[in-house]
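Undergrad: Structure file upload_2.cif, mmCIF, C-alpha atoms, is pasted below:
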data_target
loop_
_atom_site.label_atom_id
_atom_site.label_comp_id
_atom_site.auth_asym_id
_atom_site.auth_seq_id
_atom_site.Cartn_x
_atom_site.Cartn_y
_atom_site.Cartn_z
CA MET A 1 8.44 -45.39 -41.56
CA ASN A 2 8.23 -43.78 -38.11
CA ILE A 3 7.68 -47.16 -36.48
CA LEU A 4 10.85 -48.51 -38.11
CA ARG A 5 12.75 -45.43 -36.92
CA ILE A 6 11.46 -45.96 -33.36
CA ILE A 7 12.54 -49.62 -33.42
CA ILE A 8 16.02 -48.76 -34.72
CA PHE A 9 16.50 -46.00 -32.16
CA GLY A 10 15.32 -48.39 -29.43
CA LEU A 11 17.89 -50.98 -30.49
CA LEU A 12 20.63 -48.36 -30.61
CA ALA A 13 19.65 -47.12 -27.14
CA PHE A 14 19.76 -50.71 -25.83
CA ILE A 15 23.24 -51.20 -27.31
CA GLU A 16 24.37 -47.89 -25.79
CA ARG A 17 23.06 -48.84 -22.32
CA ASN A 18 24.37 -52.44 -22.40
CA PRO A 19 27.60 -52.50 -24.41
CA ILE A 20 29.20 -55.48 -22.63
CA PHE A 21 26.12 -57.67 -23.11
CA CYS A 22 25.93 -56.75 -26.80
CA ILE A 23 29.64 -57.44 -27.33
CA PHE A 24 29.16 -60.82 -25.62
CA LEU A 25 26.22 -61.64 -27.94
CA LEU A 26 28.26 -60.61 -30.97
CA PHE A 27 31.18 -62.77 -29.78
CA VAL A 28 28.88 -65.78 -29.27
CA ALA A 29 27.30 -65.25 -32.71
CA ILE A 30 30.71 -65.24 -34.40
CA MET A 31 32.44 -68.00 -32.41
CA ALA A 32 29.57 -70.42 -31.73
CA PRO A 33 26.55 -69.88 -33.98
CA ALA A 34 24.79 -72.94 -32.54
CA LEU A 35 25.07 -71.48 -29.05
CA PHE A 36 23.79 -68.15 -30.36
CA LYS A 37 20.71 -69.95 -31.62
CA VAL A 38 20.05 -71.25 -28.09
CA VAL A 39 20.64 -67.80 -26.57
CA GLY A 40 18.25 -66.32 -29.15
CA TRP A 41 15.54 -68.82 -28.23
CA ILE A 42 16.04 -68.05 -24.52
CA ILE A 43 15.72 -64.31 -25.14
CA LEU A 44 12.67 -64.90 -27.34
CA GLY A 45 11.13 -67.06 -24.60
CA ILE A 46 11.69 -64.34 -21.99
CA ILE A 47 10.05 -61.77 -24.27
CA ALA A 48 7.12 -64.12 -24.97
CA LEU A 49 6.68 -64.77 -21.23
CA PHE A 50 6.68 -61.04 -20.52
CA LEU A 51 4.08 -60.41 -23.25
CA ALA A 52 1.92 -63.29 -21.94
CA ILE A 53 2.01 -61.84 -18.41
CA LEU A 54 1.02 -58.41 -19.77
CA GLY A 55 -1.81 -59.97 -21.80
CA ILE A 56 -3.17 -61.91 -18.83
CA GLY A 57 -2.99 -58.81 -16.65
CA TRP A 58 -4.83 -56.75 -19.26
CA TRP A 59 -7.49 -59.46 -19.65
CA ARG A 60 -8.07 -59.66 -15.87
CA MET A 61 -8.30 -55.87 -15.54
CA ARG A 62 -10.81 -55.75 -18.40
CA LYS A 63 -12.84 -58.56 -16.76
CA MET A 64 -12.91 -56.71 -13.41
CA GLN A 65 -13.94 -53.50 -15.20
CA ARG A 66 -16.85 -55.29 -16.91
CA GLU A 67 -17.99 -56.85 -13.61
CA LEU A 68 -17.81 -53.49 -11.85
CA ASN A 69 -19.82 -51.81 -14.61
CA ASN A 70 -22.44 -54.57 -14.40
CA GLN A 71 -22.71 -54.21 -10.61
CA PHE A 72 -22.97 -50.44 -10.97
CA ARG A 73 -25.74 -50.72 -13.58
CA GLN A 74 -27.66 -53.21 -11.41
CA THR A 75 -27.36 -50.93 -8.39
CA ALA A 76 -28.28 -47.82 -10.37
CA SER A 77 -31.38 -49.45 -11.85
CA GLY A 78 -32.63 -50.52 -8.44
CA ALA A 79 -32.01 -54.21 -9.00
CA GLY A 80 -29.45 -54.29 -6.19
CA PHE A 81 -30.91 -53.87 -2.70
CA ASN A 82 -34.45 -52.94 -1.76
CA GLY A 83 -35.52 -50.42 0.85
CA SER A 84 -37.01 -52.98 3.23
CA GLY A 85 -33.69 -54.15 4.67
CA SER A 86 -32.91 -54.02 8.36
CA ALA A 87 -30.24 -51.34 7.84
CA GLY A 88 -32.62 -48.97 6.07
CA GLY A 89 -31.88 -50.21 2.57
CA PHE A 90 -29.42 -49.12 -0.03
CA ASN A 91 -30.06 -45.82 -1.76
CA GLY A 92 -27.41 -45.58 -4.47
CA PHE A 93 -23.93 -44.33 -3.75
CA GLY A 94 -23.54 -41.95 -0.84
CA GLY A 95 -27.29 -41.61 -0.39
CA PHE A 96 -28.04 -40.15 -3.83
CA SER A 97 -29.46 -41.70 -6.95
CA THR A 98 -27.10 -42.18 -9.87
CA GLY A 99 -29.79 -41.55 -12.49
CA GLY A 100 -28.40 -44.07 -15.01
CA MET A 101 -24.89 -42.56 -15.16
CA THR A 102 -21.88 -44.66 -15.96
CA LEU A 103 -19.19 -45.12 -13.36
CA GLU A 104 -16.84 -42.72 -15.16
CA GLU A 105 -19.49 -39.98 -15.29
CA LEU A 106 -20.23 -40.43 -11.59
CA VAL A 107 -16.53 -40.19 -10.68
CA ARG A 108 -16.11 -37.05 -12.83
CA GLN A 109 -19.14 -35.46 -11.17
CA MET A 110 -17.87 -36.33 -7.70
CA HIS A 111 -14.44 -34.85 -8.52
CA ALA A 112 -16.06 -31.66 -9.80
CA GLN A 113 -18.13 -31.35 -6.63
CA ALA A 114 -15.07 -31.92 -4.44
CA ASP A 115 -13.08 -29.30 -6.38
CA ALA A 116 -15.94 -26.79 -6.07
CA ALA A 117 -16.19 -27.43 -2.32
CA LYS A 118 -12.43 -26.97 -1.95
CA ARG A 119 -12.56 -23.66 -3.88
CA ASN A 120 -15.49 -22.45 -1.76
CA SER A 121 -13.73 -23.32 1.48
CA ALA A 122 -10.57 -21.58 0.27
CA ASN A 123 -12.58 -18.47 -0.68
CA ASN A 124 -14.36 -18.51 2.69
CA ALA A 125 -11.05 -18.89 4.53
CA ASN A 126 -9.56 -15.97 2.59
CA SER A 127 -12.56 -13.75 3.25
CA GLN A 128 -12.52 -14.56 6.98
CA THR A 129 -8.80 -13.91 7.40
CA THR A 130 -8.80 -10.13 6.92
CA THR A 131 -11.59 -7.59 6.99
CA THR A 132 -11.41 -3.89 6.28
CA THR A 133 -13.75 -1.38 7.88
CA THR A 134 -14.05 2.31 7.15
CA THR A 135 -14.91 4.73 9.94
CA SER A 136 -15.08 8.48 9.39
CA GLY A 137 -12.57 8.61 6.56
CA SER A 138 -9.88 6.37 8.10
CA THR A 139 -9.38 2.71 7.21
CA GLN A 140 -8.87 0.11 9.92
CA LYS A 141 -7.79 -3.42 9.20
CA LYS A 142 -8.75 -6.30 11.47
CA VAL A 143 -6.61 -9.42 11.28
CA SER A 144 -7.90 -12.75 12.53
CA ASP A 145 -6.10 -14.42 15.43
CA LYS A 146 -5.52 -17.49 13.27
CA VAL A 147 -3.21 -15.63 10.87
CA GLY A 148 -0.19 -15.29 13.17
CA ASP A 149 1.89 -12.61 14.82
CA TYR A 150 2.84 -9.39 13.11
CA VAL A 151 6.47 -8.48 13.57
CA ASP A 152 7.58 -4.95 12.76
CA PHE A 153 11.24 -4.70 11.99
CA GLU A 154 13.55 -1.92 11.03
CA GLU A 155 16.34 -2.30 8.52
CA VAL A 156 19.70 -1.07 9.83
CA GLU A 157 22.40 -0.05 7.41
#
Go ahead and render the structure in this file as structure tokens.
TA:
Amino acid sequence: MNILRIIIFGLLAFIERNPIFCIFLLFVAIMAPALFKVVGWIILGIIALFLAILGIGWWRMRKMQRELNNQFRQTASGAGFNGSGSAGGFNGFGGFSTGGMTLEELVRQMHAQADAAKRNSANNANSQTTTTTTTSGSTQKKVSDKVGDYVDFEEVE
């Protein structure tokens, strides 16, 4: 029932966005039903062409994904390049072994490592920006030169 509701609302939204086109189609359907049949076949052909293009695109993307997974598995299992090459061989991706992971798992792991490195660098930058030292009961604050200039202003009423 929800699918039918979605289709009806989609048709109503199309009519609302294109009122002149819909009035023209209604006029053609009333005045020249044979011409409306031709217009219907043309619209159906355009929709079929669009769906065929989408299907071919999906099929090609799926084919490329399968080929990439096969290449990844061959490389991960050591069937790719051997270590006796003139350039020092191929040792997985980025110099580390994949250990039989799928491509998706490897990408997730690399993203997690990049996020952890970014957090660590942000924490290190924050800790290096300001330091507080205590000497004989008074607190002194040292500000790094990279932070910027401190401007003291006074509000005048």
Undergrad: Could you jot down the atom CA of A:Leu103 to atom CA of A:Met61 separation for me, Å, one decimal place?
TA: 15.5 Å
Undergrad: In Å, rounded to a single decimal, give me how far atom CA of A:Phe72 is from atom CA of A:Leu106.
TA: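 Interatomic distance, atom CA of A:Leu106 to atom CA of A:Phe72: 10.4 Å.
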Undergrad: Using atom CA of A:Ala76 and atom CA of A:Arg119 as the two end points, give the distance in Å to one decimal.
TA: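 Interatomic distance, atom CA of A:Ala76 to atom CA of A:Arg119: 29.5 Å.
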Undergrad: Kindly indicate which residue among A:Ala32, A:Asn69, A:Ile43, A:Ser121 lies nearest to A:Glu105, using all atoms listed in the file for the distances.
TA: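 Comparing A:Ala32, A:Asn69, A:Ile43, A:Ser121 against A:Glu105, the winner is A:Asn69.
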